[in-house]
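One file, entry-v6.pdb, is given below (PDB, C-alpha atoms).
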ATOM      1  CA  MET N   1     192.759-165.607 226.273
ATOM      2  CA  THR N   2     191.777-167.724 223.297
ATOM      3  CA  ALA N   3     192.405-171.457 223.354
ATOM      4  CA  GLN N   4     194.424-172.678 220.432
ATOM      5  CA  THR N   5     192.997-175.545 218.452
ATOM      6  CA  PRO N   6     195.680-178.180 217.978
ATOM      7  CA  ASP N   7     196.575-179.073 214.410
ATOM      8  CA  PRO N   8     194.920-182.516 214.175
ATOM      9  CA  VAL N   9     196.850-183.479 211.042
ATOM     10  CA  ALA N  10     200.255-182.751 212.593
ATOM     11  CA  VAL N  11     199.873-185.667 215.024
ATOM     12  CA  GLY N  12     198.957-188.325 212.444
ATOM     13  CA  THR N  13     195.377-189.522 212.504
ATOM     14  CA  PRO N  14     193.044-186.528 212.929
ATOM     15  CA  ASP N  15     191.404-186.302 216.350
ATOM     16  CA  LEU N  16     187.850-186.507 215.020
ATOM     17  CA  SER N  17     186.410-186.714 218.541
ATOM     18  CA  PHE N  18     187.896-183.358 219.479
ATOM     19  CA  LEU N  19     187.025-181.721 216.152
ATOM     20  CA  LEU N  20     183.397-182.869 216.209
ATOM     21  CA  GLN N  21     182.848-182.264 219.941
ATOM     22  CA  HIS N  22     184.473-178.835 219.923
ATOM     23  CA  THR N  23     182.583-177.756 216.812
ATOM     24  CA  ALA N  24     179.278-179.071 218.203
ATOM     25  CA  HIS N  25     179.908-177.315 221.530
ATOM     26  CA  VAL N  26     180.657-173.973 219.884
ATOM     27  CA  LEU N  27     177.653-174.314 217.550
ATOM     28  CA  THR N  28     175.472-175.057 220.581
ATOM     29  CA  THR N  29     176.707-171.951 222.391
ATOM     30  CA  GLN N  30     176.103-169.838 219.285
ATOM     31  CA  MET N  31     172.593-171.280 218.879
ATOM     32  CA  THR N  32     171.802-170.780 222.565
ATOM     33  CA  ALA N  33     172.910-167.148 222.475
ATOM     34  CA  ALA N  34     171.008-166.470 219.253
ATOM     35  CA  LEU N  35     167.739-168.057 220.435
ATOM     36  CA  ALA N  36     168.017-166.167 223.728
ATOM     37  CA  GLU N  37     167.162-163.085 221.622
ATOM     38  CA  ILE N  38     163.546-164.341 221.692
ATOM     39  CA  GLY N  39     163.687-165.936 225.140
ATOM     40  CA  MET N  40     163.949-169.454 223.724
ATOM     41  CA  SER N  41     166.405-172.302 224.259
ATOM     42  CA  PRO N  42     167.499-174.741 221.549
ATOM     43  CA  ARG N  43     165.759-177.569 223.439
ATOM     44  CA  ALA N  44     162.471-175.666 223.717
ATOM     45  CA  HIS N  45     162.624-174.677 220.050
ATOM     46  CA  CYS N  46     163.282-178.281 219.049
ATOM     47  CA  VAL N  47     160.312-179.565 221.056
ATOM     48  CA  LEU N  48     157.970-176.881 219.681
ATOM     49  CA  ALA N  49     159.127-177.430 216.104
ATOM     50  CA  HIS N  50     158.561-181.216 216.330
ATOM     51  CA  ALA N  51     155.152-180.649 217.918
ATOM     52  CA  LEU N  52     154.175-178.262 215.140
ATOM     53  CA  GLN N  53     155.163-180.668 212.331
ATOM     54  CA  ALA N  54     152.586-183.318 213.230
ATOM     55  CA  GLU N  55     150.277-184.454 216.009
ATOM     56  CA  ARG N  56     152.760-186.165 218.309
ATOM     57  CA  THR N  57     152.758-187.437 221.849
ATOM     58  CA  GLN N  58     155.139-186.167 224.470
ATOM     59  CA  ALA N  59     157.027-189.500 224.256
ATOM     60  CA  GLN N  60     157.349-189.280 220.459
ATOM     61  CA  ILE N  61     158.686-185.737 220.638
ATOM     62  CA  ALA N  62     161.127-186.730 223.392
ATOM     63  CA  GLU N  63     162.503-189.469 221.145
ATOM     64  CA  LEU N  64     162.762-187.185 218.113
ATOM     65  CA  SER N  65     164.462-184.516 220.236
ATOM     66  CA  ASP N  66     166.783-187.019 221.946
ATOM     67  CA  LEU N  67     165.520-185.972 225.384
ATOM     68  CA  ASP N  68     165.095-188.159 228.423
ATOM     69  CA  LYS N  69     161.667-188.356 230.043
ATOM     70  CA  THR N  70     162.446-185.978 232.921
ATOM     71  CA  THR N  71     163.987-183.312 230.675
ATOM     72  CA  MET N  72     161.014-183.551 228.323
ATOM     73  CA  VAL N  73     158.524-183.061 231.176
ATOM     74  CA  VAL N  74     160.429-180.021 232.484
ATOM     75  CA  THR N  75     160.634-178.554 228.962
ATOM     76  CA  VAL N  76     156.913-178.998 228.250
ATOM     77  CA  ASP N  77     156.052-177.586 231.704
ATOM     78  CA  MET N  78     158.056-174.465 230.811
ATOM     79  CA  LEU N  79     156.397-174.220 227.375
ATOM     80  CA  GLU N  80     152.966-174.474 228.995
ATOM     81  CA  ARG N  81     153.786-171.783 231.585
ATOM     82  CA  ALA N  82     154.969-169.519 228.752
ATOM     83  CA  GLY N  83     151.710-170.104 226.839
ATOM     84  CA  LEU N  84     153.517-171.667 223.877
ATOM     85  CA  ALA N  85     152.164-175.213 224.094
ATOM     86  CA  GLU N  86     149.638-177.319 225.933
ATOM     87  CA  ARG N  87     149.165-180.997 226.674
ATOM     88  CA  VAL N  88     145.915-182.431 225.340
ATOM     89  CA  PRO N  89     144.626-186.006 225.649
ATOM     90  CA  SER N  90     145.466-188.316 222.776
ATOM     91  CA  PRO N  91     142.366-189.422 220.879
ATOM     92  CA  THR N  92     143.840-192.925 220.472
ATOM     93  CA  ASP N  93     145.604-193.571 223.809
ATOM     94  CA  ARG N  94     144.056-192.277 227.037
ATOM     95  CA  ARG N  95     147.431-192.526 228.828
ATOM     96  CA  ALA N  96     149.254-190.343 226.285
ATOM     97  CA  ARG N  97     149.270-186.574 225.875
ATOM     98  CA  ILE N  98     149.630-184.745 222.570
ATOM     99  CA  ILE N  99     151.728-181.576 222.644
ATOM    100  CA  LYS N 100     149.701-178.898 220.889
ATOM    101  CA  VAL N 101     151.409-175.646 219.912
ATOM    102  CA  THR N 102     149.388-172.530 220.727
ATOM    103  CA  PRO N 103     149.017-169.641 218.245
ATOM    104  CA  ARG N 104     151.679-167.744 220.219
ATOM    105  CA  GLY N 105     153.869-170.857 220.030
ATOM    106  CA  VAL N 106     153.462-170.971 216.241
ATOM    107  CA  GLU N 107     154.787-167.405 216.022
ATOM    108  CA  THR N 108     157.675-168.311 218.331
ATOM    109  CA  VAL N 109     158.589-171.375 216.244
ATOM    110  CA  ALA N 110     158.669-169.221 213.098
ATOM    111  CA  ALA N 111     160.894-166.614 214.762
ATOM    112  CA  GLY N 112     163.093-169.347 216.224
ATOM    113  CA  GLN N 113     163.439-171.155 212.917
ATOM    114  CA  ALA N 114     164.599-167.958 211.239
ATOM    115  CA  ILE N 115     167.290-167.676 213.922
ATOM    116  CA  VAL N 116     168.281-171.350 213.598
ATOM    117  CA  ASP N 117     168.536-170.973 209.816
ATOM    118  CA  ARG N 118     170.683-167.840 210.241
ATOM    119  CA  VAL N 119     173.084-169.565 212.646
ATOM    120  CA  HIS N 120     173.387-172.581 210.339
ATOM    121  CA  ARG N 121     173.944-170.314 207.329
ATOM    122  CA  ASP N 122     176.682-168.441 209.220
ATOM    123  CA  VAL N 123     178.454-171.744 209.919
ATOM    124  CA  LEU N 124     178.265-172.818 206.290
ATOM    125  CA  ASP N 125     179.341-169.366 205.106
ATOM    126  CA  ALA N 126     182.554-169.842 207.116
ATOM    127  CA  LEU N 127     183.509-172.467 204.516
ATOM    128  CA  PRO N 128     184.390-171.815 200.882
ATOM    129  CA  GLU N 129     181.267-172.152 198.730
ATOM    130  CA  ASN N 130     182.613-175.224 196.911
ATOM    131  CA  GLU N 131     183.061-177.064 200.258
ATOM    132  CA  GLN N 132     179.639-176.353 201.783
ATOM    133  CA  ALA N 133     177.621-179.042 199.971
ATOM    134  CA  VAL N 134     180.445-181.567 200.403
ATOM    135  CA  PHE N 135     180.590-180.849 204.151
ATOM    136  CA  VAL N 136     176.825-181.252 204.630
ATOM    137  CA  SER N 137     176.786-184.396 202.477
ATOM    138  CA  ALA N 138     179.638-185.953 204.456
ATOM    139  CA  LEU N 139     177.957-185.162 207.793
ATOM    140  CA  ASN N 140     174.676-186.643 206.528
ATOM    141  CA  ARG N 141     176.447-189.817 205.406
ATOM    142  CA  LEU N 142     178.083-190.188 208.819
ATOM    143  CA  ALA N 143     174.904-189.392 210.762
ATOM    144  CA  SER N 144     172.815-191.844 208.761
ATOM    145  CA  GLY N 145     175.535-194.468 208.307
ATOM    146  CA  HIS N 146     178.617-195.243 210.384
ATOM    147  CA  CYS N 147     177.657-192.896 213.245
ATOM    148  CA  ALA N 148     173.889-193.484 213.150
ATOM    149  CA  VAL N 149     173.546-195.684 216.234
ATOM    150  CA  PRO N 150     175.343-195.164 219.550
ATOM    151  CA  VAL N 151     177.228-198.118 220.960
ATOM    152  CA  GLU N 152     176.415-199.222 224.502
ATOM    153  CA  SER N 153     179.336-199.337 226.900
ATOM    154  CA  PRO N 154     180.009-202.693 228.545
ATOM    155  CA  GLU N 155     178.705-202.943 232.106
ATOM    156  CA  GLY N 156     181.107-201.493 234.628
ATOM    157  CA  VAL N 157     182.833-199.244 232.103
ATOM    158  CA  GLN N 158     182.516-195.503 232.618
ATOM    159  CA  GLY N 159     180.168-193.936 230.072
ATOM    160  CA  VAL N 160     181.167-191.520 227.353
ATOM    161  CA  ARG N 161     181.059-188.460 229.606
ATOM    162  CA  ARG N 162     184.398-187.926 231.269
ATOM    163  CA  PRO N 163     186.136-185.001 232.889
ATOM    164  CA  ARG N 164     187.457-182.397 230.507
ATOM    165  CA  GLN N 165     191.209-182.533 230.039
ATOM    166  CA  ALA N 166     193.413-179.662 229.039
ATOM    167  CA  ARG N 167     194.831-179.886 225.545
ATOM    168  CA  THR N 168     198.388-178.754 224.951
TER     169      THR N 168
END

Output the file's structure as structure tokens, nothing else.
Amino acid sequence: MTAQTPDPVAVGTPDLSFLLQHTAHVLTTQMTAALAEIGMSPRAHCVLAHALQAERTQAQIAELSDLDKTTMVVTVDMLERAGLAERVPSPTDRRARIIKVTPRGVETVAAGQAIVDRVHRDVLDALPENEQAVFVSALNRLASGHCAVPVESPEGVQGVRRPRQART
């Protein structure tokens, strides 16, 4: 049974939260399934790709990847066990560790990036050609402007994660 997406325009103001969250969720599932072809997760690919771009500490990569400290440690542990990355001491800070991508990791990043690019292209190809650049431009403007910085919830208020509710 396929869930029907409600017509957001029919109810007045479009439900941007639903549209963006649903689209992001589906894109995430598509990306996860596609990267599974090479035994990789989106999170692991993201960490490896950021580590390959420049010499970065584990903390810097965690920030770039929007990962909390615990998740980052677990991810790098998995990458080390798989022989894709290793932690090496930072030459400038003895407390920090640089995440170095191994030669096998470099190959995996390349294969993963080809998959990521394919999934992104498939999403854009679902739109008419004349809307693709406009869509990407609008998302970039939102991500770097109005929606660039999360807002902290007042103390005592439940955070943004809430139970899923059925839509009718």

**Report entry** Atom pair atom CA of Cys147 of chain N / atom CA of Arg43 of chain N: separation (Å)
**Finding:**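 Interatomic distance here is 21.9 Å.
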
Report task. Give the answer as one residue: which of N:Pro154, N:Ala59, N:Asp77, N:Leu84 has the shortest atom-to-atom distance to Glu107 of chain N, using all atoms listed in the file? Result ->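 Distance minimum relative to Glu107 of chain N lands on N:Leu84.
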
Query raised in the report: So which residues get picked by the PyMOL selection byres ((chain N and resi 97) around 12) here, written as a VMD selection string?
Result: chain N and resid 51 55 to 61 73 76 85 to 96 98 to 100

Around all listed atoms of segment 150-157 of chain N, padded 3 Å per side, what centre and edge lengths does the axis-aligned box have in Å to one decimal, as AutoDock Vina command-line options?
--center_x 179.1 --center_y -199.1 --center_z 227.1 --size_x 13.5 --size_y 13.8 --size_z 21.1

Query raised in the report: In terms of the shortest atom-to-atom distance over all atoms listed in the file, which of N:Val74, N:His120, N:Ile115, N:Val149 is closest to Val136 of chain N?
Result: N:His120

Query raised in the report: What separation in Å, quoted to one decimal, exists between atom CA of Asp68 of chain N and atom CA of His45 of chain N?
Result: 16.1 Å

Query raised in the report: In terms of the shortest atom-to-atom distance over only C-alpha atoms, which of N:Leu16, N:Val26, N:Met31, N:Met72 is closest to Arg118 of chain N?
Result: N:Met31

**Report entry** Nearest candidate to Ala24 of chain N (options N:Asn130, N:Thr75, N:Phe135, N:Val123; using only C-alpha atoms)
**Finding:** N:Val123

Query - Counting only C-alpha atoms, the residue of N:Val119, N:Leu64, N:Ala143, N:Ala110 that sits nearest Thr29 of chain N - result: N:Val119

Query raised in the report: Please, what distance in Å, to one decimal, runs between atom CA of Arg81 of chain N and atom CA of Ala44 of chain N?
Result: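 Between atom CA of Arg81 of chain N and atom CA of Ala44 of chain N the gap works out to 12.3 Å.
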
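Minimum atom-to-atom distances from N:Val47, N:Ala133, N:Ala82, N:Val109 to Leu67 of chain N were compared using all atoms listed in the file, and the lowest value belongs to N:Val47.
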
Which residues are near Ala111 of chain N? Cut-off 10 Å, only C-alpha atoms, ignore same chain within fewer than 6 positions. Put them as an mmCIF file with C-alpha atoms, in the coordinates of the input.
data_model
loop_
_atom_site.group_PDB
_atom_site.id
_atom_site.type_symbol
_atom_site.label_atom_id
_atom_site.label_comp_id
_atom_site.auth_asym_id
_atom_site.auth_seq_id
_atom_site.Cartn_x
_atom_site.Cartn_y
_atom_site.Cartn_z
ATOM 1 C CA LEU N 35 167.739 -168.057 220.435
ATOM 2 C CA GLU N 37 167.162 -163.085 221.622
ATOM 3 C CA ILE N 38 163.546 -164.341 221.692
ATOM 4 C CA MET N 40 163.949 -169.454 223.724
ATOM 5 C CA HIS N 45 162.624 -174.677 220.050
ATOM 6 C CA GLY N 105 153.869 -170.857 220.030
#
